[in-house]
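Okay, upload-v9.txt is below, compact mmCIF, C-alpha atoms:
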```txt
# COMPACT_ATOMS: atom_id res chain seq x y z
CA MET A 1 0.22 26.36 4.75
CA ASP A 2 0.44 28.82 1.85
CA TRP A 3 4.04 29.99 2.43
CA GLY A 4 5.54 28.26 -0.60
CA LEU A 5 4.45 25.12 -2.42
CA GLY A 6 6.65 22.76 -0.37
CA HIS A 7 4.07 22.66 2.40
CA ALA A 8 1.54 21.39 -0.15
CA THR A 9 3.77 18.91 -1.99
CA ARG A 10 4.82 17.12 1.18
CA CYS A 11 1.14 16.76 2.13
CA VAL A 12 0.72 14.64 -1.01
CA ALA A 13 2.35 11.76 0.87
CA VAL A 14 -0.05 12.16 3.81
CA ILE A 15 -3.12 12.26 1.57
CA ARG A 16 -2.01 9.18 -0.36
CA ALA A 17 -1.44 7.29 2.90
CA LEU A 18 -4.90 8.24 4.21
CA LEU A 19 -6.51 7.12 0.95
CA ASP A 20 -4.62 3.81 1.15
CA LEU A 21 -6.16 3.38 4.60
CA GLN A 22 -9.65 3.86 3.09
CA CYS A 23 -10.20 7.23 4.80
CA THR A 24 -12.50 9.92 3.45
CA VAL A 25 -10.20 12.89 2.89
CA PHE A 26 -10.97 16.60 2.66
CA VAL A 27 -8.20 18.91 1.46
CA ALA A 28 -8.20 22.40 2.97
CA GLY A 29 -5.87 25.28 2.15
CA SER A 30 -5.50 28.57 0.33
CA GLY A 31 -3.80 30.15 -2.65
CA PRO A 32 -1.34 28.31 -4.91
CA SER A 33 -0.84 25.57 -2.31
CA LEU A 34 -4.48 24.56 -2.55
CA THR A 35 -4.27 24.74 -6.34
CA VAL A 36 -1.41 22.23 -6.34
CA LEU A 37 -3.33 19.78 -4.16
CA ARG A 38 -6.49 20.24 -6.20
CA GLU A 39 -4.58 19.23 -9.32
CA GLU A 40 -2.91 16.27 -7.61
CA PHE A 41 -6.26 15.03 -6.23
CA PRO A 42 -9.02 16.39 -8.48
CA SER A 43 -11.61 13.91 -7.19
CA LEU A 44 -11.31 14.96 -3.53
CA PRO A 45 -13.43 17.68 -1.94
CA HIS A 46 -11.47 20.90 -1.42
CA LEU A 47 -12.19 23.52 1.23
CA ALA A 48 -10.96 27.10 1.44
CA LEU A 49 -9.08 28.40 4.49
CA PRO A 50 -8.08 32.01 5.17
CA GLY A 51 -4.81 32.92 3.47
CA TYR A 52 -1.80 34.30 5.32
CA ASN A 53 -0.69 36.19 2.19
CA PRO A 54 2.82 37.01 3.45
CA GLN A 55 4.65 39.86 1.74
CA TYR A 56 8.26 39.10 0.88
CA SER A 57 11.23 41.35 0.28
CA ARG A 58 13.61 41.79 -2.65
CA SER A 59 16.42 42.43 -0.17
CA PRO A 60 18.01 39.94 2.25
CA ALA A 61 16.12 41.65 5.10
CA LEU A 62 13.28 39.16 4.68
CA MET A 63 12.85 38.22 8.34
CA ARG A 64 12.44 41.82 9.42
CA LYS A 65 9.63 42.28 6.88
CA LEU A 66 7.91 39.06 7.98
CA MET A 67 8.19 40.02 11.65
CA SER A 68 6.37 43.28 10.92
CA GLN A 69 3.43 41.20 9.64
CA LEU A 70 3.15 39.11 12.82
CA PRO A 71 -0.04 40.83 14.14
CA GLY A 72 -1.81 40.07 10.86
CA PHE A 73 -0.65 36.44 10.96
CA ILE A 74 -2.06 36.01 14.48
CA ASN A 75 -5.41 37.38 13.33
CA THR A 76 -5.39 34.85 10.48
CA ILE A 77 -4.68 32.05 12.98
CA ARG A 78 -7.75 33.07 15.01
CA LEU A 79 -9.90 33.18 11.88
CA GLU A 80 -8.71 29.82 10.55
CA HIS A 81 -9.46 28.26 13.93
CA ARG A 82 -13.07 29.44 13.69
CA VAL A 83 -13.32 28.19 10.10
CA THR A 84 -11.81 24.83 11.10
CA GLU A 85 -14.37 24.35 13.86
CA GLU A 86 -17.13 24.98 11.32
CA ILE A 87 -15.59 22.46 8.90
CA VAL A 88 -15.36 19.81 11.62
CA LYS A 89 -18.99 20.35 12.54
CA ASP A 90 -20.30 20.47 8.96
CA HIS A 91 -18.39 17.42 7.67
CA GLY A 92 -18.02 15.23 10.75
CA ILE A 93 -14.21 15.34 10.69
CA ASP A 94 -12.43 12.88 13.04
CA LEU A 95 -8.77 13.74 12.32
CA ILE A 96 -6.97 16.94 11.33
CA VAL A 97 -3.41 16.91 10.01
CA SER A 98 -2.30 20.54 9.90
CA ASP A 99 0.91 21.39 8.07
CA ASN A 100 2.15 24.51 9.89
CA ARG A 101 -1.30 26.06 10.24
CA TYR A 102 -1.50 26.94 13.92
CA GLY A 103 -5.26 27.56 13.88
CA CYS A 104 -6.30 24.32 12.17
CA ARG A 105 -7.27 22.38 15.27
CA SER A 106 -10.49 21.47 16.99
CA GLY A 107 -11.69 20.29 20.36
CA ASN A 108 -13.99 17.88 18.51
CA ALA A 109 -11.36 16.10 16.40
CA THR A 110 -7.89 14.66 16.97
CA SER A 111 -5.62 17.49 15.84
CA ILE A 112 -2.05 16.94 14.70
CA PHE A 113 0.44 19.70 13.96
CA MET A 114 2.99 18.68 11.33
CA GLY A 115 6.18 20.63 10.76
CA HIS A 116 9.93 20.19 10.59
CA GLN A 117 10.87 23.27 12.63
CA LEU A 118 10.65 22.79 16.36
CA ASN A 119 13.31 25.49 16.62
CA LEU A 120 12.70 28.52 14.42
CA ARG A 121 15.86 30.18 13.16
CA LEU A 122 15.87 33.93 12.50
CA SER A 123 18.31 36.16 10.65
CA SER A 124 20.94 38.24 12.45
CA GLY A 125 18.95 41.49 12.42
CA VAL A 126 16.09 40.01 14.43
CA ARG A 127 17.86 37.11 16.14
CA TRP A 128 17.42 38.76 19.51
CA THR A 129 13.68 37.92 19.24
CA GLU A 130 14.34 34.19 18.72
CA PRO A 131 13.55 33.11 22.33
CA VAL A 132 10.20 34.93 22.32
CA VAL A 133 9.26 33.72 18.83
CA ASN A 134 10.09 30.12 19.70
CA GLN A 135 8.17 30.33 22.95
CA LEU A 136 5.11 31.54 21.01
CA HIS A 137 5.67 28.76 18.45
CA ARG A 138 5.77 26.07 21.17
CA TRP A 139 2.65 27.53 22.81
CA PHE A 140 0.68 27.16 19.57
CA VAL A 141 2.02 23.64 18.89
CA LYS A 142 1.15 22.42 22.40
CA ARG A 143 -2.49 23.24 21.79
CA PHE A 144 -2.62 20.31 19.35
CA ASP A 145 -3.06 16.70 20.46
CA SER A 146 0.22 15.67 18.86
CA CYS A 147 3.18 17.06 16.92
CA TRP A 148 4.53 15.12 13.93
CA VAL A 149 7.97 15.89 12.54
CA PRO A 150 8.82 14.76 8.99
CA ASP A 151 12.40 13.89 9.88
CA TRP A 152 14.50 11.33 11.69
CA LYS A 153 15.25 11.84 15.35
CA GLY A 154 18.88 12.16 16.41
CA GLU A 155 22.11 12.05 14.48
CA HIS A 156 20.58 10.96 11.15
CA SER A 157 18.28 13.98 11.03
CA LEU A 158 18.06 15.88 7.73
CA ALA A 159 16.97 19.16 9.33
CA GLY A 160 19.48 19.04 12.18
CA ASP A 161 18.92 21.53 14.99
CA LEU A 162 15.73 22.78 13.35
CA SER A 163 13.79 19.58 14.06
CA GLN A 164 15.33 18.46 17.36
CA SER A 165 13.95 19.82 20.63
CA ALA A 166 13.80 18.58 24.18
CA GLN A 167 11.03 21.09 24.95
CA THR A 168 8.43 19.69 22.53
CA GLU A 169 7.16 16.12 22.53
CA ALA A 170 7.03 14.88 18.97
CA VAL A 171 6.51 11.83 16.80
CA TYR A 172 9.26 11.53 14.18
CA LEU A 173 7.90 10.15 10.91
CA GLY A 174 11.07 10.25 8.85
CA PRO A 175 11.24 12.51 5.77
CA LEU A 176 8.06 12.74 3.67
CA SER A 177 7.87 13.14 -0.10
CA ARG A 178 5.47 12.86 -3.00
CA PHE A 179 8.19 10.81 -4.75
CA GLN A 180 9.46 7.28 -4.45
CA LYS A 181 13.07 6.32 -5.08
CA LEU A 182 13.64 6.93 -8.79
CA GLN A 183 15.25 4.57 -11.24
CA LYS A 184 17.54 6.65 -13.42
CA GLU A 185 16.38 6.88 -17.04
CA THR A 186 18.46 7.59 -20.16
CA ARG A 187 20.12 10.91 -19.46
CA SER A 188 18.53 13.83 -21.31
CA PHE A 189 19.83 16.66 -19.15
CA ASP A 190 23.14 17.36 -17.50
CA LEU A 191 21.40 19.75 -15.14
CA ALA A 192 17.79 20.20 -13.98
CA ILE A 193 17.05 23.59 -12.42
CA ILE A 194 13.97 23.57 -10.18
CA LEU A 195 12.72 27.07 -9.35
CA SER A 196 10.45 27.42 -6.33
CA GLY A 197 9.69 29.63 -3.37
CA PRO A 198 8.03 33.00 -2.95
CA GLU A 199 8.29 36.04 -5.15
CA PRO A 200 10.18 38.17 -5.83
CA GLN A 201 13.15 35.88 -5.09
CA ARG A 202 11.95 33.18 -7.51
CA THR A 203 12.04 35.67 -10.37
CA LEU A 204 15.36 37.16 -9.25
CA LEU A 205 16.96 33.71 -9.38
CA GLU A 206 15.39 33.02 -12.76
CA LYS A 207 16.82 36.28 -14.14
CA ARG A 208 20.24 35.38 -12.74
CA ILE A 209 20.07 31.97 -14.45
CA ILE A 210 19.11 33.49 -17.80
CA ALA A 211 21.88 36.08 -17.46
CA VAL A 212 24.56 33.41 -17.03
CA SER A 213 23.19 30.93 -19.58
CA ASP A 214 24.61 32.46 -22.78
CA ASN A 215 27.74 30.29 -22.83
CA LEU A 216 26.26 27.05 -21.50
CA ARG A 217 28.14 23.88 -22.38
CA TRP A 218 25.61 21.60 -20.65
CA ASN A 219 22.10 20.49 -21.60
CA VAL A 220 19.79 22.08 -19.04
CA CYS A 221 16.11 21.74 -18.15
CA LEU A 222 14.64 24.77 -16.38
CA VAL A 223 11.43 24.06 -14.44
CA ARG A 224 10.07 27.52 -13.66
CA GLY A 225 7.21 26.67 -11.31
CA VAL A 226 4.82 29.22 -12.86
CA ARG A 227 1.85 29.03 -15.20
CA ASP A 228 2.01 32.43 -16.84
CA ARG A 229 4.66 34.87 -18.05
CA PRO A 230 6.24 32.71 -20.78
CA LEU A 231 10.02 32.87 -20.96
CA THR A 232 11.73 33.90 -24.17
CA ALA A 233 15.30 34.28 -25.46
CA VAL A 234 16.88 31.40 -23.55
CA SER A 235 20.04 29.48 -24.42
CA PRO A 236 19.70 26.84 -27.20
CA HIS A 237 21.04 24.35 -24.64
CA MET A 238 18.10 25.02 -22.30
CA THR A 239 14.70 23.30 -22.29
CA VAL A 240 12.05 25.34 -20.45
CA VAL A 241 9.10 23.78 -18.60
CA ASP A 242 6.79 26.39 -17.07
CA TYR A 243 5.07 24.06 -14.60
CA ALA A 244 5.54 20.35 -13.86
CA ASP A 245 3.17 18.16 -11.89
CA SER A 246 4.61 15.39 -9.72
CA GLU A 247 4.72 12.80 -12.53
CA THR A 248 6.38 15.17 -15.02
CA LEU A 249 8.89 16.43 -12.47
CA GLY A 250 9.73 12.86 -11.46
CA HIS A 251 10.62 12.01 -15.07
CA ILE A 252 12.77 15.14 -15.37
CA LEU A 253 14.67 14.26 -12.20
CA ALA A 254 15.18 10.69 -13.38
CA LYS A 255 16.68 11.95 -16.67
CA SER A 256 19.02 14.52 -15.05
CA GLU A 257 22.56 14.11 -13.81
CA VAL A 258 22.46 16.98 -11.27
CA VAL A 259 19.68 19.07 -9.71
CA LEU A 260 20.01 22.77 -8.86
CA ALA A 261 17.31 23.99 -6.45
CA ARG A 262 16.49 26.09 -3.43
CA SER A 263 17.42 24.47 -0.14
CA GLY A 264 13.88 24.42 1.21
CA TYR A 265 13.26 21.45 3.49
CA SER A 266 10.52 19.93 1.31
CA THR A 267 12.89 20.02 -1.67
CA ILE A 268 15.59 18.32 0.41
CA MET A 269 13.09 15.62 1.47
CA ASP A 270 12.10 15.08 -2.19
CA LEU A 271 15.73 14.65 -3.22
CA ALA A 272 16.39 12.40 -0.22
CA HIS A 273 13.68 10.09 -1.62
CA THR A 274 14.55 10.28 -5.31
CA GLY A 275 18.33 10.06 -4.86
CA GLY A 276 20.98 11.76 -6.97
CA LYS A 277 23.37 14.68 -6.92
CA ALA A 278 22.37 18.26 -6.13
CA VAL A 279 23.64 21.77 -5.59
CA PHE A 280 21.54 24.26 -3.62
CA VAL A 281 20.97 28.01 -3.93
CA PRO A 282 19.57 29.27 -0.58
CA THR A 283 16.98 32.02 -0.80
CA PRO A 284 18.70 35.25 0.32
CA GLY A 285 17.56 36.32 3.76
CA GLN A 286 16.11 32.92 4.73
CA PRO A 287 18.32 31.61 7.55
CA GLU A 288 16.55 28.23 7.52
CA GLN A 289 17.59 27.60 3.91
CA GLU A 290 21.10 28.90 4.53
CA TYR A 291 21.44 26.54 7.48
CA LEU A 292 20.08 23.54 5.57
CA ALA A 293 22.37 24.17 2.59
CA GLN A 294 25.39 24.39 4.90
CA ARG A 295 24.29 21.22 6.70
CA MET A 296 24.00 19.24 3.46
CA ALA A 297 27.51 20.38 2.51
CA GLU A 298 28.97 19.56 5.94
CA GLN A 299 27.49 16.06 5.69
CA GLY A 300 29.08 15.61 2.27
CA ILE A 301 25.70 15.20 0.54
CA ALA A 302 25.32 18.30 -1.67
CA GLY A 303 27.08 21.58 -2.36
CA TYR A 304 25.66 25.08 -2.37
CA VAL A 305 26.34 28.44 -3.97
CA SER A 306 25.03 31.93 -3.30
CA GLN A 307 22.56 33.44 -5.75
CA ASP A 308 24.93 36.29 -6.67
CA GLU A 309 27.81 33.90 -7.45
CA LEU A 310 25.84 31.40 -9.52
CA ASP A 311 27.70 30.00 -12.56
CA LEU A 312 25.86 27.19 -14.33
CA ASN A 313 28.97 25.88 -16.07
CA ILE A 314 30.65 24.94 -12.78
CA ILE A 315 27.58 23.53 -10.99
CA ILE A 316 28.03 19.99 -12.31
CA GLU A 317 31.74 20.09 -11.51
CA LYS A 318 30.90 21.33 -8.00
CA SER A 319 28.46 18.47 -7.49
CA LEU A 320 31.23 15.93 -8.07
CA HIS A 321 32.76 16.83 -4.70
CA TYR A 322 29.66 15.44 -2.90
CA ARG A 323 28.26 11.91 -2.72
CA GLY A 324 24.64 12.91 -3.41
CA PHE A 325 21.39 11.59 -1.93
CA GLU A 326 21.03 7.81 -1.68
CA GLY A 327 17.24 7.50 -2.03
CA ILE A 328 14.67 6.41 0.57
CA ALA A 329 12.49 3.36 0.01
CA ASP A 330 10.31 2.99 3.13
CA GLY A 331 8.85 6.43 3.91
CA HIS A 332 5.29 5.46 2.99
CA THR A 333 5.33 2.47 5.35
CA ARG A 334 6.34 4.55 8.37
CA LEU A 335 3.70 7.17 7.63
CA CYS A 336 0.92 4.59 7.32
CA SER A 337 1.97 3.05 10.64
CA ALA A 338 1.71 6.42 12.39
CA LEU A 339 -1.70 7.06 10.87
CA ARG A 340 -2.99 3.61 11.84
CA GLU A 341 -1.96 4.28 15.42
CA VAL A 342 -3.73 7.61 15.69
CA LEU A 343 -6.82 6.32 13.82
CA LYS A 344 -6.82 3.09 15.91
CA ILE A 345 -7.19 0.87 12.85
```
Please re-express this file's structure in structure tokens.
Amino acid sequence: MDWGLGHATRCVAVIRALLDLQCTVFVAGSGPSLTVLREEFPSLPHLALPGYNPQYSRSPALMRKLMSQLPGFINTIRLEHRVTEEIVKDHGIDLIVSDNRYGCRSGNATSIFMGHQLNLRLSSGVRWTEPVVNQLHRWFVKRFDSCWVPDWKGEHSLAGDLSQSAQTEAVYLGPLSRFQKLQKETRSFDLAIILSGPEPQRTLLEKRIIAVSDNLRWNVCLVRGVRDRPLTAVSPHMTVVDYADSETLGHILAKSEVVLARSGYSTIMDLAHTGGKAVFVPTPGQPEQEYLAQRMAEQGIAGYVSQDELDLNIIIEKSLHYRGFEGIADGHTRLCSALREVLKI
């Protein structure tokens, strides 16, 4: 899926597991998500899928804008289904693992839909459409042979109500991440800020961070998540990294006392694997991120702050009120077991 890089980064774990099982892997996607996977796995063949190209809003009314694009998204689903059938035929594909791409399935290959949202959550302005949207969501998911959820089932769930549903049969893999549990290195940064997510909100958060960084008393590493538009005139206490691959980001996390990031589910899964303290800044207008940030706080794991009220000097102090993530050691084993079962190996 090309709605943010988290859909690509969590697929890193799936690709690694398939390679460990001696499978021949093709990576298919579009836009920046495909670019990330191409860089992570430069030796694998990469195939282009139609892009959804969602348009996002500067205002909190994000869901209303996305809902207006629904007809175009459905047309993309139809097109990607046709393209997927051609790929299966041309390359002799046996198994498809589709991260939130409703059209990536085939009658000639075992097709698995992977996603953490069995219950889609909409913002207040369009919440009245939730039953219809979720019914459509379930209809698409049921057209796959199986649904895999990167979460735990029941009370230990990370995603809470988002990933739990009695109306959809699912296999729960446990959280997935490109990272293993990190051993803390000599501390270089008091705070690592990981920017991610769609524009223009990524840039709006970056501008807010720069605006409040003049009087920093902490050593901060800002990972921008972009490859162009170099940043100038930052605080002398701030180290700027435009883009970090998985290895580089892992080292930054291991050297940092606290992480400040969006509360996207893939980011939460990464932190659940690496361990450590965090504070989240939900993307304005994204009810999923607002819910997840609140859930992490209610469970005593990590705090959160709104984008408009962000103050870097109190983030570390705020993190002290929460126990942090413990780190997961066995995610890869569970994933390989699920793949062996579906591949019958």
Checklist entry - Using all atoms listed in the file, which residues sit within 9 Å of stretch 184-198 of chain A once same-chain residues fewer than 3 positions away are excluded, as a ChimeraX atom specification? => result /A:3-6,55-56,201-203,205-206,218-226,239,251-262,264,276,283,312,315-316
Checklist outcome for this item: Judged by all atoms listed in the file, the minimum distance to A:Gly275 among A:Arg323, A:Lys207, A:Lys181, A:Lys318 is found for A:Lys181
Item to check | Shortest interatomic distance to A:Pro282 - which of A:His332, A:Arg295, A:Arg78, A:His46, counting all atoms listed in the file | outcome: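 Of the candidates, the smallest distance to A:Pro282 is held by A:Arg295.
Of the listed residues (A:Leu47, A:Ile210, A:Ala28, A:Ala272), A:Ile210 comes nearest to A:Leu231; the distances count all atoms listed in the file.
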Checklist entry - Within 10 Å of A:Val14, counting only C-alpha atoms, which residues qualify if same-chain residues fewer than 2 places away don't, as a PyMOL selection string? => result chain A and resi 9-12+16-20+97+176-178+332+335-336+339
Checklist outcome for this item: Residue with the minimum atom-to-atom distance to A:His156, picked from A:Gln299, A:Ala109, A:Ile15, A:Glu86 with only C-alpha atoms counted, is A:Gln299
Item to check | Top pick for closest residue to A:Gln294, considering A:Val281, A:Ile87, A:Thr274, A:Met114 and counting all atoms listed in the file | outcome: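 With all atoms listed in the file as the atom set, the closest residue is A:Val281.
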Counting only C-alpha atoms, what is within 12 Å of A:Asn100, bar same-chain residues fewer than 4 positions away, as a compact mmCIF listing (two decimals) with C-alpha atoms, in the frame of the given file?
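The file below, selection-v5.txt, is the result:
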```txt
# COMPACT_ATOMS: atom_id res chain seq x y z
CA MET A 1 0.22 26.36 4.75
CA ASP A 2 0.44 28.82 1.85
CA TRP A 3 4.04 29.99 2.43
CA GLY A 4 5.54 28.26 -0.60
CA GLY A 6 6.65 22.76 -0.37
CA HIS A 7 4.07 22.66 2.40
CA ALA A 8 1.54 21.39 -0.15
CA ARG A 10 4.82 17.12 1.18
CA CYS A 11 1.14 16.76 2.13
CA GLY A 29 -5.87 25.28 2.15
CA TYR A 52 -1.80 34.30 5.32
CA ILE A 77 -4.68 32.05 12.98
CA ILE A 96 -6.97 16.94 11.33
CA CYS A 104 -6.30 24.32 12.17
CA ARG A 105 -7.27 22.38 15.27
CA ILE A 112 -2.05 16.94 14.70
CA PHE A 113 0.44 19.70 13.96
CA MET A 114 2.99 18.68 11.33
CA GLY A 115 6.18 20.63 10.76
CA HIS A 116 9.93 20.19 10.59
CA GLN A 117 10.87 23.27 12.63
CA LEU A 118 10.65 22.79 16.36
CA HIS A 137 5.67 28.76 18.45
CA ARG A 138 5.77 26.07 21.17
CA PHE A 140 0.68 27.16 19.57
CA VAL A 141 2.02 23.64 18.89
CA PHE A 144 -2.62 20.31 19.35
CA CYS A 147 3.18 17.06 16.92
CA TRP A 148 4.53 15.12 13.93
CA VAL A 149 7.97 15.89 12.54
CA PRO A 150 8.82 14.76 8.99
```
Item to check | Contact residues around A:Leu343 with all atoms listed in the file at 9 Å, ignoring same-chain residues under 6 positions, as a list in words | outcome: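 My reading of the contact set: Asp94, Leu95 and Thr110 of chain A.
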Checklist entry - Please, what distance in Å, to one decimal, runs between atom CA of A:Phe26 and atom CA of A:Pro45? => result 5.3 Å
Checklist entry - Do you have the atom CA of A:Val305-atom CA of A:Ala159 distance handy? => result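 Result for atom CA of A:Val305 versus atom CA of A:Ala159: 18.7 Å, one decimal.
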Item to check | Within 8 Å of A:Leu37 using only C-alpha atoms, minus same-chain residues under 2 positions, as a PyMOL selection string | outcome: chain A and resi 8-9+12+27+33-35+39-42
